[in-house]
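Participant: Below is a structure I'd like to ask you about.
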Amino acid sequence: MTGGPNVTVAGAGALGLCAALALADAGCRVEVCDPDPRASASAVAAGMLAPVFESILDAETAPAFDVLIAARDLWPGLEARAGVRLDRSGAMAVGDEDWLAQVDAALIRLGLHGIDLPRRTAEALAPGLSPQAGHAILVREDWRLEPRQAMSALRAAAEAAGVAFRQHAVREVGSADWLVIATGAAQGNGGLAPELAALTPIKGQIVRYAQVGRDGVSVRGEGVYAAPASDGLAVGATMELGASDTEPDRKVLEPLIARAVALFPELDGAPFAVAAGVRAATPDALPLAGLSAAPKVVLAAGARRNGWLLAPLVAQVVAACVTGGDAGPYRRRFDPARFGERKR
Ligand SMILES: Cc1cc2nc3c(=O)[nH]c(=O)nc-3n(C[C@H](O)[C@H](O)[C@H](O)COP(=O)(O)OP(=O)(O)OC[C@H]3O[C@@H](n4cnc5c(N)ncnc54)[C@H](O)[C@@H]3O)c2cc1C
């Protein structure tokens with residue numbers, strides 16, 4: 001035990017776990033409370049750490065490329081510190097010529113050069129890829145982790161650093177010196193910090209094919225991705241703005257599955273499982289990380305579709321707020337006060 005401040009972290013998803021570990025490493029006494037981390041968005045995510053393709057393929061994320069690269073560069077530290085396993089084999093764009101030309105142009109705008117691969121090489125990197133696929137563009141800058149392995153590793157490292165885990169919801173700051181709100185898109189926490197009113201839920205459904213695709217690079221197609229993992233191929237994901245339920249809805253998934261089958265014909269008719277999670281999004285697609293207007297409260301929320309990628313950077317800002325350290329160059333862009341009274 002150290003003599004640092006007592007900090008309660010509400011939420012044991014990616015942001016809460018990374019914040020808890022950073023706080024413990026900064027000398028704080030930390031307790032993490034979460035009634036059910038298995039219901040978190042973090043547990044169902046694909047785990048792509050994809051600054052490049054997220055910036056290229058998601059218009060709202062595009063202005064955040066520098067932030068996403070900075071966040072990705074913190075992951076090797078967590079690999080060494082907590083044993084989070086990183087896959088650095090890269091990600092590959094596969095699609096028609098027009099779309100690949102757009103990807104290529106976008107890469108050049110970011111100052112990057114993808115590696116142009118002939119179909120045979122692309123197939124060797126993504127076994128099962130359709131013979132209809134032409135060439136592909138490989139990007140080495142995008143990495144991947146496995147969310148469940150990462151959550152276990154982060155929790156184990158936090159426990160070893162003295163963090164206590166409790167299985168209940170937080171409703172108030174209580175006797176803690178600080179409360180860190182890492183409650184994702186969960187509803188009903190508005191009383192803890194007024195800035196949470198700026199968040200909009202975005203439901204995401206993801207499909208897992210347990211019997212295929214355990215190896216290879218992530219594949220990015222037009223309107224679909226396929227990320228290999230030890231428990232099968234993850235195909236995602238829907239972006240259902242305003243929806244906050246986690247009910248599987250196969251009708252909504254049909255177009256996604258059709259696009260996945262076009263990339264990997266062996267998926268046609270293969271058994272799959274559906275999972276859904278809810279992302280929390282701010283109006284500018286950057287997280288809320290920093291001091292709340294509520295006393296003794298720090299926010300770590302709103303990471304939209306890149307919560308895994310952004311988690312260590314958010315954690316750095318959180319730890320700096322609590323310990324009075326330097327919150328770094330992204331403090332202003334993450335400032336929870338930046339939306340003012342607009343949505344409150
Ligand atoms: C289908 C899908 C695919 C995705 N793929 C990727 C990807 O490839 N790469 C990537 O970077 N991101 C991805 N994301 C986004 C990413 O999952 C989220 O941005 C991230 O998980 C958010 O983490 P979080 O810790 O903020 O919230 P969550 O992971 O949702 O965790 C919040 C936790 O807070 C708990 N909680 C709620 N209220 C309270 C309370 N009052 N007290 C205590 N605990 C509370 C909840 O039980 C929950 O466990 C994906 C998301 C989805 C849905």
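Within each chain, counting starts at residue 1; across the structure tokens, chains are named A, B, ... in the order shown, with ligands numbered 1 upward in that order.
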Per residue of chain A within 6 Å of ligand 1, which atom pair is closest and at what distance in Å (one decimal), using only C-alpha atoms and all ligand atoms, listed by chain and increasing number, as CSV?
Facilitator:
```
residue,atom,partner,partner_atom_place_in_ligand_line,distance
A:Ala10,CA,ligand 1,43 (C),4.0
A:Gly11,CA,ligand 1,34 (O),3.3
A:Ala12,CA,ligand 1,33 (C),5.1
A:Gly13,CA,ligand 1,25 (O),3.5
A:Ala14,CA,ligand 1,25 (O),4.1
A:Leu15,CA,ligand 1,25 (O),3.8
A:Gly16,CA,ligand 1,25 (O),5.2
A:Cys33,CA,ligand 1,43 (C),5.0
A:Asp34,CA,ligand 1,44 (N),3.7
A:Pro35,CA,ligand 1,47 (O),5.5
A:Asp36,CA,ligand 1,47 (O),4.6
A:Pro37,CA,ligand 1,49 (O),3.5
A:Ala39,CA,ligand 1,49 (O),5.6
A:Ser40,CA,ligand 1,30 (O),3.8
A:Ala41,CA,ligand 1,30 (O),3.9
A:Ser42,CA,ligand 1,21 (O),3.1
A:Val44,CA,ligand 1,1 (C),5.9
A:Ala45,CA,ligand 1,4 (C),3.6
A:Ala46,CA,ligand 1,8 (O),3.9
A:Gly47,CA,ligand 1,8 (O),3.8
A:Met48,CA,ligand 1,8 (O),3.6
A:Leu49,CA,ligand 1,11 (O),5.5
A:Ala169,CA,ligand 1,42 (N),3.4
A:Val170,CA,ligand 1,42 (N),3.8
A:Arg171,CA,ligand 1,41 (N),5.6
A:Ala182,CA,ligand 1,26 (O),5.4
A:Thr183,CA,ligand 1,34 (O),3.5
A:Gly184,CA,ligand 1,27 (O),3.4
A:Ala185,CA,ligand 1,30 (O),5.8
A:Ala186,CA,ligand 1,37 (C),4.8
A:Asn189,CA,ligand 1,41 (N),5.7
A:Gly204,CA,ligand 1,53 (C),4.0
A:Gln205,CA,ligand 1,1 (C),4.7
A:Ile206,CA,ligand 1,1 (C),4.7
A:Ala237,CA,ligand 1,1 (C),5.2
A:Ala276,CA,ligand 1,1 (C),5.7
A:Gly277,CA,ligand 1,53 (C),3.9
A:Val278,CA,ligand 1,53 (C),4.9
A:Arg279,CA,ligand 1,18 (C),5.3
A:Ala301,CA,ligand 1,26 (O),4.8
A:Ala303,CA,ligand 1,19 (O),4.6
A:Arg304,CA,ligand 1,19 (O),4.6
A:Arg305,CA,ligand 1,15 (C),3.9
A:Asn306,CA,ligand 1,11 (O),3.3
A:Gly307,CA,ligand 1,19 (O),3.0
A:Trp308,CA,ligand 1,11 (O),3.5
A:Leu309,CA,ligand 1,11 (O),4.0
```
Participant: Residues of the last selection are to be written out with C-alpha atoms, as a short mmCIF file (atom, residue, chain, number, x, y, z; two decimals), in the first residue's frame.
Facilitator:
```cif
data_model
loop_
_atom_site.label_atom_id
_atom_site.label_comp_id
_atom_site.auth_asym_id
_atom_site.auth_seq_id
_atom_site.Cartn_x
_atom_site.Cartn_y
_atom_site.Cartn_z
CA ALA A 10 -16.30 2.94 -11.90
CA GLY A 11 -16.16 0.46 -14.76
CA ALA A 12 -13.80 -2.39 -15.61
CA GLY A 13 -13.82 -2.16 -19.40
CA ALA A 14 -10.74 -1.20 -21.41
CA LEU A 15 -10.71 2.38 -20.17
CA GLY A 16 -11.30 1.52 -16.50
CA CYS A 33 -16.11 -1.36 -9.13
CA ASP A 34 -18.18 -2.96 -11.87
CA PRO A 35 -21.34 -5.03 -11.49
CA ASP A 36 -20.66 -7.03 -14.67
CA PRO A 37 -17.56 -6.45 -16.84
CA ALA A 39 -21.46 -6.96 -20.36
CA SER A 40 -18.97 -4.26 -21.39
CA ALA A 41 -18.38 -3.15 -24.97
CA SER A 42 -14.74 -4.00 -24.36
CA VAL A 44 -17.27 -7.97 -27.39
CA ALA A 45 -14.93 -5.75 -29.43
CA ALA A 46 -12.76 -7.02 -32.27
CA GLY A 47 -9.63 -5.63 -30.61
CA MET A 48 -8.18 -3.92 -33.65
CA LEU A 49 -5.61 -1.25 -32.82
CA ALA A 169 -22.17 -0.27 -9.33
CA VAL A 170 -20.93 3.12 -8.16
CA ARG A 171 -23.59 5.71 -7.43
CA ALA A 182 -15.22 4.73 -16.96
CA THR A 183 -18.77 3.53 -17.35
CA GLY A 184 -18.85 3.35 -21.15
CA ALA A 185 -22.27 3.85 -22.68
CA ALA A 186 -24.18 2.69 -19.59
CA ASN A 189 -24.83 7.55 -14.54
CA GLY A 204 -22.42 -2.53 -32.53
CA GLN A 205 -23.12 -6.12 -33.53
CA ILE A 206 -20.28 -8.46 -34.35
CA ALA A 237 -19.44 -4.37 -37.09
CA ALA A 276 -23.52 -6.86 -29.37
CA GLY A 277 -22.06 -4.04 -27.36
CA VAL A 278 -22.74 -0.35 -27.02
CA ARG A 279 -20.10 2.28 -27.73
CA ALA A 301 -15.40 7.70 -21.40
CA ALA A 303 -14.02 6.50 -26.94
CA ARG A 304 -16.55 5.51 -29.64
CA ARG A 305 -15.28 2.75 -31.95
CA ASN A 306 -11.64 2.97 -30.83
CA GLY A 307 -11.85 2.40 -27.09
CA TRP A 308 -9.25 -0.35 -27.02
CA LEU A 309 -6.87 1.65 -29.12
#
```
Participant: Mind checking which residues fall within 10 Å of Leu78 of chain A, counting only C-alpha atoms, ignoring those fewer than 2 positions away in the same chain, and posting them as a list in words?
Facilitator: Cys18, Leu21, Ala22, Asp73, Leu74, Trp75, Pro76, Ala80, Arg81, Ala82, Gly83, Val84, Arg85, Leu86, Ala150, Ala153, Leu154, Ala157 and Pro312 of chain A
Participant: Okay, now the selection with C-alpha atoms, as a PDB file, in the first residue's frame?
Facilitator:
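result27.pdb, freshly written:
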```
ATOM      1  CA  CYS A  18      -5.999   0.824 -18.166  1.00  0.00           C
ATOM      2  CA  LEU A  21      -3.243   0.203 -13.707  1.00  0.00           C
ATOM      3  CA  ALA A  22      -1.850   3.649 -14.563  1.00  0.00           C
ATOM      4  CA  ASP A  73       2.434   3.609 -29.523  1.00  0.00           C
ATOM      5  CA  LEU A  74       1.581   3.153 -25.838  1.00  0.00           C
ATOM      6  CA  TRP A  75       0.510  -0.474 -26.323  1.00  0.00           C
ATOM      7  CA  PRO A  76       4.000  -2.021 -26.406  1.00  0.00           C
ATOM      8  CA  ALA A  80       5.684  -5.412 -21.414  1.00  0.00           C
ATOM      9  CA  ARG A  81       3.975  -4.201 -18.227  1.00  0.00           C
ATOM     10  CA  ALA A  82       0.881  -6.417 -18.200  1.00  0.00           C
ATOM     11  CA  GLY A  83       1.432  -9.219 -20.696  1.00  0.00           C
ATOM     12  CA  VAL A  84      -1.218  -8.001 -23.158  1.00  0.00           C
ATOM     13  CA  ARG A  85      -0.481  -9.936 -26.336  1.00  0.00           C
ATOM     14  CA  LEU A  86      -0.183  -7.777 -29.454  1.00  0.00           C
ATOM     15  CA  ALA A 150      -6.187  -8.221 -22.669  1.00  0.00           C
ATOM     16  CA  ALA A 153      -3.939  -9.588 -18.315  1.00  0.00           C
ATOM     17  CA  LEU A 154      -4.750  -5.994 -17.345  1.00  0.00           C
ATOM     18  CA  ALA A 157      -1.437  -6.790 -13.490  1.00  0.00           C
ATOM     19  CA  PRO A 312      -3.722   3.752 -22.604  1.00  0.00           C
TER      20      PRO A 312
END
```
Participant: Between atom CA of Pro131 of chain A and atom CA of Arg119 of chain A, what distance in Å does the model show, to one decimal?
Facilitator: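 Result for atom CA of Pro131 of chain A versus atom CA of Arg119 of chain A: 7.9 Å, one decimal.
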Participant: As a CSV table (one decimal) with N, CA and C atoms, in the first residue's frame, please: the residues near Met92 of chain A (cut-off 9 Å, only C-alpha atoms, same-chain neighbours under 2 positions excluded).
Facilitator:
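That gives us selection35.csv:
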```csv
chain,number,residue,atom,x,y,z
A,90,GLY,N,-0.4,-6.7,-39.1
A,90,GLY,CA,-0.9,-5.7,-40.0
A,90,GLY,C,-2.3,-5.9,-40.4
A,94,VAL,N,-9.0,-5.1,-49.0
A,94,VAL,CA,-9.3,-5.9,-50.1
A,94,VAL,C,-10.6,-5.4,-50.7
A,114,GLY,N,1.1,2.1,-48.4
A,114,GLY,CA,0.7,0.7,-48.2
A,114,GLY,C,1.5,-0.2,-49.1
A,115,ILE,N,1.6,-1.5,-48.8
A,115,ILE,CA,2.3,-2.4,-49.6
A,115,ILE,C,1.3,-3.1,-50.6
A,122,ALA,N,-1.7,-12.0,-51.0
A,122,ALA,CA,-2.9,-11.6,-50.2
A,122,ALA,C,-3.5,-12.9,-49.6
A,125,LEU,N,-1.7,-14.4,-46.8
A,125,LEU,CA,-1.8,-13.6,-45.5
A,125,LEU,C,-3.2,-13.7,-44.9
A,126,ALA,N,-4.2,-14.0,-45.7
A,126,ALA,CA,-5.6,-14.2,-45.2
A,126,ALA,C,-6.2,-15.4,-45.9
A,136,ALA,N,-4.3,-6.5,-53.2
A,136,ALA,CA,-4.7,-6.0,-51.9
A,136,ALA,C,-3.6,-5.0,-51.4
A,137,ILE,N,-4.0,-4.2,-50.4
A,137,ILE,CA,-3.0,-3.2,-49.9
A,137,ILE,C,-2.8,-3.5,-48.4
A,138,LEU,N,-1.5,-3.8,-48.1
A,138,LEU,CA,-1.2,-4.2,-46.7
A,138,LEU,C,-0.6,-3.0,-46.0
A,139,VAL,N,-1.1,-2.8,-44.7
A,139,VAL,CA,-0.6,-1.7,-43.9
A,139,VAL,C,0.0,-2.3,-42.6
A,140,ARG,N,1.2,-2.1,-42.3
A,140,ARG,CA,1.8,-2.7,-41.1
A,140,ARG,C,1.5,-1.9,-39.8
A,217,VAL,N,-3.8,-11.9,-41.2
A,217,VAL,CA,-3.9,-10.5,-40.9
A,217,VAL,C,-5.4,-10.1,-40.9
A,218,SER,N,-5.7,-8.9,-40.3
A,218,SER,CA,-7.0,-8.4,-40.4
A,218,SER,C,-7.3,-8.0,-41.8
A,219,VAL,N,-8.5,-8.2,-42.3
A,219,VAL,CA,-8.9,-7.8,-43.6
A,219,VAL,C,-9.9,-6.6,-43.5
A,220,ARG,N,-9.7,-5.5,-44.2
A,220,ARG,CA,-10.7,-4.4,-44.2
A,220,ARG,C,-11.3,-4.4,-45.6
A,221,GLY,N,-12.6,-4.6,-45.7
A,221,GLY,CA,-13.3,-4.4,-47.0
A,221,GLY,C,-14.2,-3.2,-46.9
```
Participant: Determine, counting only C-alpha atoms, which protein, DNA and RNA residues have an atom within 10 Å of an atom of Arg259 of chain A; residues of the same chain fewer than 3 positions away are not included. Present the result as a ChimeraX atom specification.
Facilitator: /A:221-225,235,254-256,262-265
Participant: Using the selection just defined, write its residues with C-alpha atoms as a short mmCIF file (atom, residue, chain, number, x, y, z; two decimals), in the first residue's frame.
Facilitator:
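Written out: part30.cif:
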```cif
data_model
loop_
_atom_site.label_atom_id
_atom_site.label_comp_id
_atom_site.auth_asym_id
_atom_site.auth_seq_id
_atom_site.Cartn_x
_atom_site.Cartn_y
_atom_site.Cartn_z
CA GLY A 221 -13.28 -4.41 -46.97
CA GLU A 222 -15.80 -1.80 -47.99
CA GLY A 223 -18.25 -1.71 -45.07
CA VAL A 224 -16.85 -4.77 -43.30
CA TYR A 225 -13.82 -6.10 -41.47
CA VAL A 235 -16.70 -10.01 -38.64
CA GLU A 254 -27.56 -9.48 -43.25
CA PRO A 255 -25.68 -6.89 -45.39
CA LEU A 256 -22.58 -7.24 -43.20
CA ALA A 262 -17.97 -12.04 -50.69
CA LEU A 263 -14.51 -11.74 -49.12
CA PHE A 264 -14.40 -15.26 -47.65
CA PRO A 265 -16.70 -17.65 -49.55
#
```
Participant: Would you return as a PyMOL selection string the members of segment 117-339 of chain A that DSSP assigns to helix (DSSP H, G or I) on this structure's backbone?
Facilitator: chain A and resi 119-125+147-160+194-198+250-263+265-267+304-323+331-334+336-339
Participant: Near segment 283-287 of chain A, within 9 Å and counting only C-alpha atoms, which residues show up once chain neighbours fewer than 2 positions away are dropped, as a PyMOL selection string?
Facilitator: chain A and resi 60-61+64+67+198-200+280-281+289+299-305+307+310+314+333-336+339
Participant: What does the distance between atom CA of Asp245 of chain A and atom CA of Ala275 of chain A come to in Å, to one decimal place?
Facilitator: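 According to the coordinates, atom CA of Asp245 of chain A and atom CA of Ala275 of chain A are separated by 11.3 Å.
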Participant: Residues near segment 266-271 of chain A, anyone? I mean within 8 Å using only C-alpha atoms, not counting same-chain ones fewer than 5 positions away, as a ChimeraX atom specification.
Facilitator: /A:128,209-212,260-261
Participant: Could you write those residues out with N, CA and C atoms, as a JSON list (two decimals), in the first residue's frame?
Facilitator:
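Okay, this is what ended up in out-v7.json:
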```json
[["chain", "number", "residue", "atom", "x", "y", "z"],
["A", 128, "GLY", "N", -8.26, -18.36, -47.22],
["A", 128, "GLY", "CA", -9.70, -18.43, -47.50],
["A", 128, "GLY", "C", -10.21, -17.24, -48.28],
["A", 209, "TYR", "N", -17.19, -16.45, -36.21],
["A", 209, "TYR", "CA", -17.19, -17.78, -36.84],
["A", 209, "TYR", "C", -16.11, -18.60, -36.13],
["A", 210, "ALA", "N", -16.55, -19.49, -35.23],
["A", 210, "ALA", "CA", -15.59, -20.21, -34.40],
["A", 210, "ALA", "C", -14.75, -21.19, -35.20],
["A", 211, "GLN", "N", -15.32, -21.65, -36.33],
["A", 211, "GLN", "CA", -14.64, -22.75, -37.03],
["A", 211, "GLN", "C", -13.71, -22.30, -38.15],
["A", 212, "VAL", "N", -13.57, -21.00, -38.35],
["A", 212, "VAL", "CA", -12.67, -20.53, -39.43],
["A", 212, "VAL", "C", -11.83, -19.35, -38.96],
["A", 260, "ALA", "N", -19.07, -10.06, -45.93],
["A", 260, "ALA", "CA", -18.03, -10.97, -45.41],
["A", 260, "ALA", "C", -17.92, -12.22, -46.28],
["A", 261, "VAL", "N", -19.07, -12.73, -46.72],
["A", 261, "VAL", "CA", -19.08, -13.93, -47.57],
["A", 261, "VAL", "C", -18.43, -13.62, -48.92]]
```
Participant: Kindly give the distance, in Å, that separates atom CA of Phe53 of chain A and atom CA of Gly290 of chain A, rounded to a single decimal.
Facilitator: 27.0 Å
Participant: Per DSSP on the backbone, filter segment 210-326 of chain A down to the residues in strand (DSSP E) and report them as a VMD selection string.
Facilitator: chain A and resid 218 to 221 224 to 229 232 to 236 240 to 241 273 to 281 288 to 291 297 to 301
Participant: Using only C-alpha atoms, which of the listed residues (A:Val32, A:Ala311, A:Val298, A:Leu117) sits closest to Ala20 of chain A?
Facilitator: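 Selected residue with least distance to Ala20 of chain A: A:Val32.
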